[in-house]
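Beneath this line is the structure, given in structure tokens, with notes to follow.
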Amino acid sequence: MVVQSQLVFDHFAPIKSCKRTALFTGIPVINPKDPEAKTQIVKACEDFGFFKLVNHGVSDELIAALESQTLKFFHLPQSEKEKAGPPDPFGYGSKRIGPNGDVGWIEYLLLNTKPQLISQKSISIFHENPDIFRSLVEEYISAMKEMACEVLELMAEGLKIEKSALSKLLKDERSDCCFRLNHYPPCPELEALSGRNLIGFGEHTDPQIISVLRSNNTTGLHICLRDGNWVSVPPDHTSFFINVGDSLQVMTNGRFKSVKHKVLADPIKSRFSMIYFGGPPLNEKIAPLPSLLEEGEQSLYREFTWWDYKNSAYKSRLGDCRLTPFEIKNLTPLLT
């Protein structure tokens, strides 16, 4: 195993490394059953763009079963895994993240959330018995969609806007959502050489409305705080983590900030995560919601469709500020 990972590392020498940071104990923890949850969610999104969700009601058995099935795939010989790729963008990928030169110490499966497309990809992932994986993925995605909509409706109530103003975009049958399963193998050689960690997934924000992440108990996820400092998020395999995406930042006219985050690979233990990305329909117009603009407040962003933004985002590098081309520059001072 050590020899194999060293060979891969040599081949992908452009993968960067950085030092670990201390675990951060200030992540907001939200219980959606708490009467104050809607207010707490709004504050967490304003302050961090990120929070931990507990008491979520998702079956531990479902989570464990899907993790087990997916790890069976990731533990296959490389030649077998590559039969499920290359990503188009859906399917199996390794090291290369997107088409624009970004790399990381990662292998992944990216799936569309439409049942018929899940079924097609499941056959390429598990040739002999794809139905178990397919049914687990579909059940898990259904649970994630329900959770994301519940969070968005609590969020809307906290913002004092129509309860369905945000969740309806995910409930729309044309919604453009995806599901990612990430595996970050350990790399003990780099730890021995430098005391640093390979970057598994470089710093970025998520372009969608909301992301729902669950991982095993291996550290690695880091978020950037408002003051620019990076902190390590303590893992919790029993809970979910919610990210504000770029589209939600625009819809709240910057009141919520999409959280910049990255993942560092652990030198000893593998990290496994599953992320549901909730996006709107491709033709949905994204702009600050009028109901959230105070009297006289100007929009910070021009209107665009999700298709426009998605195309722009996927032509960029991970660390680029993807919203910059959509910002309204030189706002006209209000007359008094």
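Going by the structure tokens order, chains are called A, B, ..., each with residues numbered from 1, while ligands are numbered from 1 in the order shown.
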
Write out as number ranges by chain the set of residues from region 16-183 of chain A that DSSP, computed on the backbone, places in helix (DSSP H, G or I).
A: 37-47, 60-74, 78-84, 115-125, 130-159, 167-171

Fewer than 2 positions away in the same chain doesn't count, so skip those; otherwise give me all residues within 6 Å of Pro281 (chain A), counting only C-alpha atoms, as a JSON list (two decimals) with all heavy atoms, in the first residue's frame.
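Written out: part_32.json:
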```
[["chain", "number", "residue", "atom", "x", "y", "z"],
["A", 174, "ARG", "N", -37.56, 19.71, -12.22],
["A", 174, "ARG", "CA", -36.46, 20.05, -13.13],
["A", 174, "ARG", "C", -35.20, 20.49, -12.39],
["A", 174, "ARG", "O", -34.23, 20.91, -13.02],
["A", 174, "ARG", "CB", -36.90, 21.17, -14.07],
["A", 174, "ARG", "CG", -38.12, 20.85, -14.93],
["A", 174, "ARG", "CD", -38.67, 22.12, -15.55],
["A", 174, "ARG", "NE", -39.06, 23.08, -14.50],
["A", 174, "ARG", "CZ", -39.03, 24.40, -14.63],
["A", 174, "ARG", "NH1", -38.62, 24.94, -15.76],
["A", 174, "ARG", "NH2", -39.41, 25.17, -13.63],
["A", 175, "SER", "N", -35.22, 20.43, -11.06],
["A", 175, "SER", "CA", -34.06, 20.89, -10.28],
["A", 175, "SER", "C", -32.79, 20.18, -10.72],
["A", 175, "SER", "O", -32.82, 19.00, -11.12],
["A", 175, "SER", "CB", -34.30, 20.67, -8.78],
["A", 175, "SER", "OG", -34.37, 19.29, -8.50],
["A", 176, "ASP", "N", -31.69, 20.89, -10.67],
["A", 176, "ASP", "CA", -30.40, 20.37, -11.16],
["A", 176, "ASP", "C", -29.51, 20.09, -9.95],
["A", 176, "ASP", "O", -28.75, 20.94, -9.52],
["A", 176, "ASP", "CB", -29.77, 21.41, -12.09],
["A", 176, "ASP", "CG", -28.46, 20.93, -12.69],
["A", 176, "ASP", "OD1", -28.41, 19.78, -13.16],
["A", 176, "ASP", "OD2", -27.48, 21.70, -12.67],
["A", 283, "ASN", "N", -33.02, 26.72, -16.05],
["A", 283, "ASN", "CA", -33.50, 28.00, -16.58],
["A", 283, "ASN", "C", -33.96, 28.95, -15.47],
["A", 283, "ASN", "O", -34.49, 30.03, -15.76],
["A", 283, "ASN", "CB", -34.64, 27.77, -17.58],
["A", 283, "ASN", "CG", -35.86, 27.13, -16.94],
["A", 283, "ASN", "OD1", -35.82, 26.71, -15.77],
["A", 283, "ASN", "ND2", -36.96, 27.04, -17.69],
["A", 284, "GLU", "N", -33.75, 28.57, -14.22],
["A", 284, "GLU", "CA", -34.18, 29.42, -13.10],
["A", 284, "GLU", "C", -33.34, 30.70, -13.05],
["A", 284, "GLU", "O", -32.10, 30.67, -13.14],
["A", 284, "GLU", "CB", -34.04, 28.67, -11.77],
["A", 284, "GLU", "CG", -34.52, 29.45, -10.57],
["A", 284, "GLU", "CD", -36.04, 29.62, -10.54],
["A", 284, "GLU", "OE1", -36.73, 28.73, -11.08],
["A", 284, "GLU", "OE2", -36.51, 30.63, -9.99]]
```

Check the smallest atom-to-atom distance from each of A:Leu225, A:Met251, A:Leu154, A:Cys149 to Val212 (chain A) using only C-alpha atoms, then report the winner.
A:Cys149

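Separating CA of Ser258 (chain A) from CA of Asp246 (chain A) is a distance of 5.2 Å.
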
Need the shell around Ser316 (chain A): protein/DNA/RNA residues with any atom at most 10 Å away, counting only C-alpha atoms. Skip same-chain ones fewer than 6 positions apart. Format as a PyMOL selection string?
chain A and resi 98-102+322
